[in-house]
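Here the structure comes first, spelled out in structure tokens, and everything after it is commentary.
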Amino acid sequence: MEFTLKTVIPATAEKIYKTWLSSEGHTKMTGATAIVSDRVGEKFTAWDGYIEGVNIELETNKRISQSWRTSQFEDEEQDSQLEIVLKEVKGQTEITLAHSKLPESGAHYQKGWDDHYFQPMKDYFST
């Protein structure tokens, strides 16, 4: 299963990109502990270890591609794929998030992105 979400965040693409790929920034942005890296091939965890994955491709201030799974994935299920595209428009950034290769039971992640990422990010970058 797969889905694509879009939202606009009141921050520059550079600020969002750097925050997403910084342990301290990601933790503050979401309100849950994250250990992340800004290097291709590096592992990350987010939401107190609930999410884990690896940075596959990084295009500075433009695109983040990661393998992604949660502790709810079964051991035999493959990692899903996450692609985040940042497009700056007049000092704000449109985020297009494409999440693919999810297990069939993964429909709830669509709401999770809004509740646990997009809304907290809007609050974080608005202050």
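Ligands are numbered from 1 in the order shown, residues from 1 within each chain, and chains are lettered A, B, ... in the order they appear in the structure tokens.
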* Shell of 12 Å around Glu88 of chain A, only C-alpha atoms, local chain residues under 3 positions omitted, as a PyMOL selection string -> chain A and resi 7-17+61-63+85+91-96
Extract, using only C-alpha atoms, all DNA, RNA and protein residues at most 9 Å from Leu102 of chain A, discarding same-chain residues fewer than 4 positions from it, and format them as a PDB file with N, CA and C atoms, in the first residue's frame.
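The result, written out as result.pdb:
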ATOM      1  N   MET A   1       0.834  -1.183   0.000  1.00  0.00           N
ATOM      2  CA  MET A   1       0.000   0.000   0.000  1.00  0.00           C
ATOM      3  C   MET A   1       0.874   1.240   0.000  1.00  0.00           C
ATOM      4  N   GLU A   2       0.335   2.321  -0.515  1.00  0.00           N
ATOM      5  CA  GLU A   2       1.085   3.577  -0.543  1.00  0.00           C
ATOM      6  C   GLU A   2       0.134   4.764  -0.518  1.00  0.00           C
ATOM      7  N   ARG A  69      10.389   1.810   9.016  1.00  0.00           N
ATOM      8  CA  ARG A  69       9.512   0.792   9.609  1.00  0.00           C
ATOM      9  C   ARG A  69       9.213   1.183  11.054  1.00  0.00           C
ATOM     10  N   GLU A  77       8.138  -8.651   7.290  1.00  0.00           N
ATOM     11  CA  GLU A  77       7.737  -7.549   6.402  1.00  0.00           C
ATOM     12  C   GLU A  77       8.939  -6.675   6.061  1.00  0.00           C
ATOM     13  N   GLN A  78       9.036  -6.330   4.777  1.00  0.00           N
ATOM     14  CA  GLN A  78      10.130  -5.474   4.317  1.00  0.00           C
ATOM     15  C   GLN A  78       9.942  -4.053   4.826  1.00  0.00           C
ATOM     16  N   ASP A  79      11.038  -3.303   4.863  1.00  0.00           N
ATOM     17  CA  ASP A  79      10.951  -1.882   5.193  1.00  0.00           C
ATOM     18  C   ASP A  79      10.106  -1.174   4.140  1.00  0.00           C
ATOM     19  N   SER A  80       9.377  -0.165   4.562  1.00  0.00           N
ATOM     20  CA  SER A  80       8.669   0.684   3.610  1.00  0.00           C
ATOM     21  C   SER A  80       9.646   1.749   3.107  1.00  0.00           C
ATOM     22  N   GLN A  81       9.206   2.526   2.136  1.00  0.00           N
ATOM     23  CA  GLN A  81      10.054   3.578   1.561  1.00  0.00           C
ATOM     24  C   GLN A  81       9.384   4.932   1.789  1.00  0.00           C
ATOM     25  N   GLY A 106      -1.159  -0.950   6.926  1.00  0.00           N
ATOM     26  CA  GLY A 106      -0.517   0.325   7.212  1.00  0.00           C
ATOM     27  C   GLY A 106      -1.307   1.586   6.931  1.00  0.00           C
ATOM     28  N   ALA A 107      -2.609   1.482   6.692  1.00  0.00           N
ATOM     29  CA  ALA A 107      -3.413   2.667   6.365  1.00  0.00           C
ATOM     30  C   ALA A 107      -3.383   3.717   7.476  1.00  0.00           C
TER      31      ALA A 107
END
* **helix (DSSP H, G or I) call set, DSSP backbone run, segment 88-121 of chain A, as a PyMOL selection string** => chain A and resi 104-121
* **Within 12 Å of Lys111 of chain A using only C-alpha atoms, minus same-chain residues under 6 positions, as a count of residues only** => 6
* To do: Quick one: everything within 12 Å of Gly25 of chain A, counting only C-alpha atoms, minus sequence neighbours fewer than 6 positions away in the same chain. Send it as an NGL selection string.
  => :A and (15-19 or 31-38 or 46 or 121 or 124-125)
Just to be explicit: take each residue in the selection above, keep N, CA and C atoms, and write the result as a compact mmCIF listing (two decimals), in the first residue's frame.
# COMPACT_ATOMS: atom_id res chain seq x y z
N LYS A 15 15.72 25.09 6.65
CA LYS A 15 15.46 24.92 8.08
C LYS A 15 14.78 23.57 8.36
N ILE A 16 13.81 23.21 7.54
CA ILE A 16 13.11 21.94 7.72
C ILE A 16 14.08 20.77 7.49
N TYR A 17 14.85 20.84 6.42
CA TYR A 17 15.80 19.78 6.08
C TYR A 17 16.80 19.57 7.22
N LYS A 18 17.39 20.65 7.70
CA LYS A 18 18.38 20.55 8.77
C LYS A 18 17.76 20.04 10.07
N THR A 19 16.55 20.49 10.37
CA THR A 19 15.87 20.06 11.59
C THR A 19 15.52 18.57 11.51
N GLY A 31 8.53 16.31 19.44
CA GLY A 31 8.20 16.12 20.85
C GLY A 31 8.53 14.73 21.36
N ALA A 32 9.24 13.93 20.55
CA ALA A 32 9.64 12.58 20.97
C ALA A 32 11.10 12.36 20.58
N THR A 33 11.79 11.55 21.35
CA THR A 33 13.22 11.33 21.15
C THR A 33 13.54 10.76 19.78
N ALA A 34 14.52 11.36 19.11
CA ALA A 34 15.00 10.90 17.81
C ALA A 34 16.52 10.89 17.81
N ILE A 35 17.08 9.90 17.15
CA ILE A 35 18.52 9.85 16.92
C ILE A 35 18.67 9.70 15.41
N VAL A 36 19.07 10.79 14.77
CA VAL A 36 19.11 10.81 13.31
C VAL A 36 20.47 11.30 12.82
N SER A 37 20.68 11.17 11.52
CA SER A 37 21.94 11.57 10.91
C SER A 37 21.65 12.26 9.59
N ASP A 38 22.59 13.08 9.16
CA ASP A 38 22.44 13.75 7.86
C ASP A 38 23.36 13.11 6.82
N ALA A 46 13.22 7.32 15.55
CA ALA A 46 12.38 8.46 15.90
C ALA A 46 11.22 7.97 16.76
N MET A 121 5.02 19.97 13.56
CA MET A 121 5.95 20.80 12.78
C MET A 121 5.40 22.20 12.57
N TYR A 124 5.85 23.94 15.86
CA TYR A 124 7.27 24.18 16.14
C TYR A 124 7.82 25.33 15.30
N PHE A 125 7.55 25.32 14.01
CA PHE A 125 8.11 26.33 13.13
C PHE A 125 7.35 27.65 13.16
* Residue among A:Glu42, A:Ser105, A:Trp20, A:Lys28 lying closest to Glu74 of chain A, counting only C-alpha atoms -> A:Ser105
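Distance-wise, atom CA of Asp114 of chain A and atom CA of Arg39 of chain A end up 25.6 Å apart.
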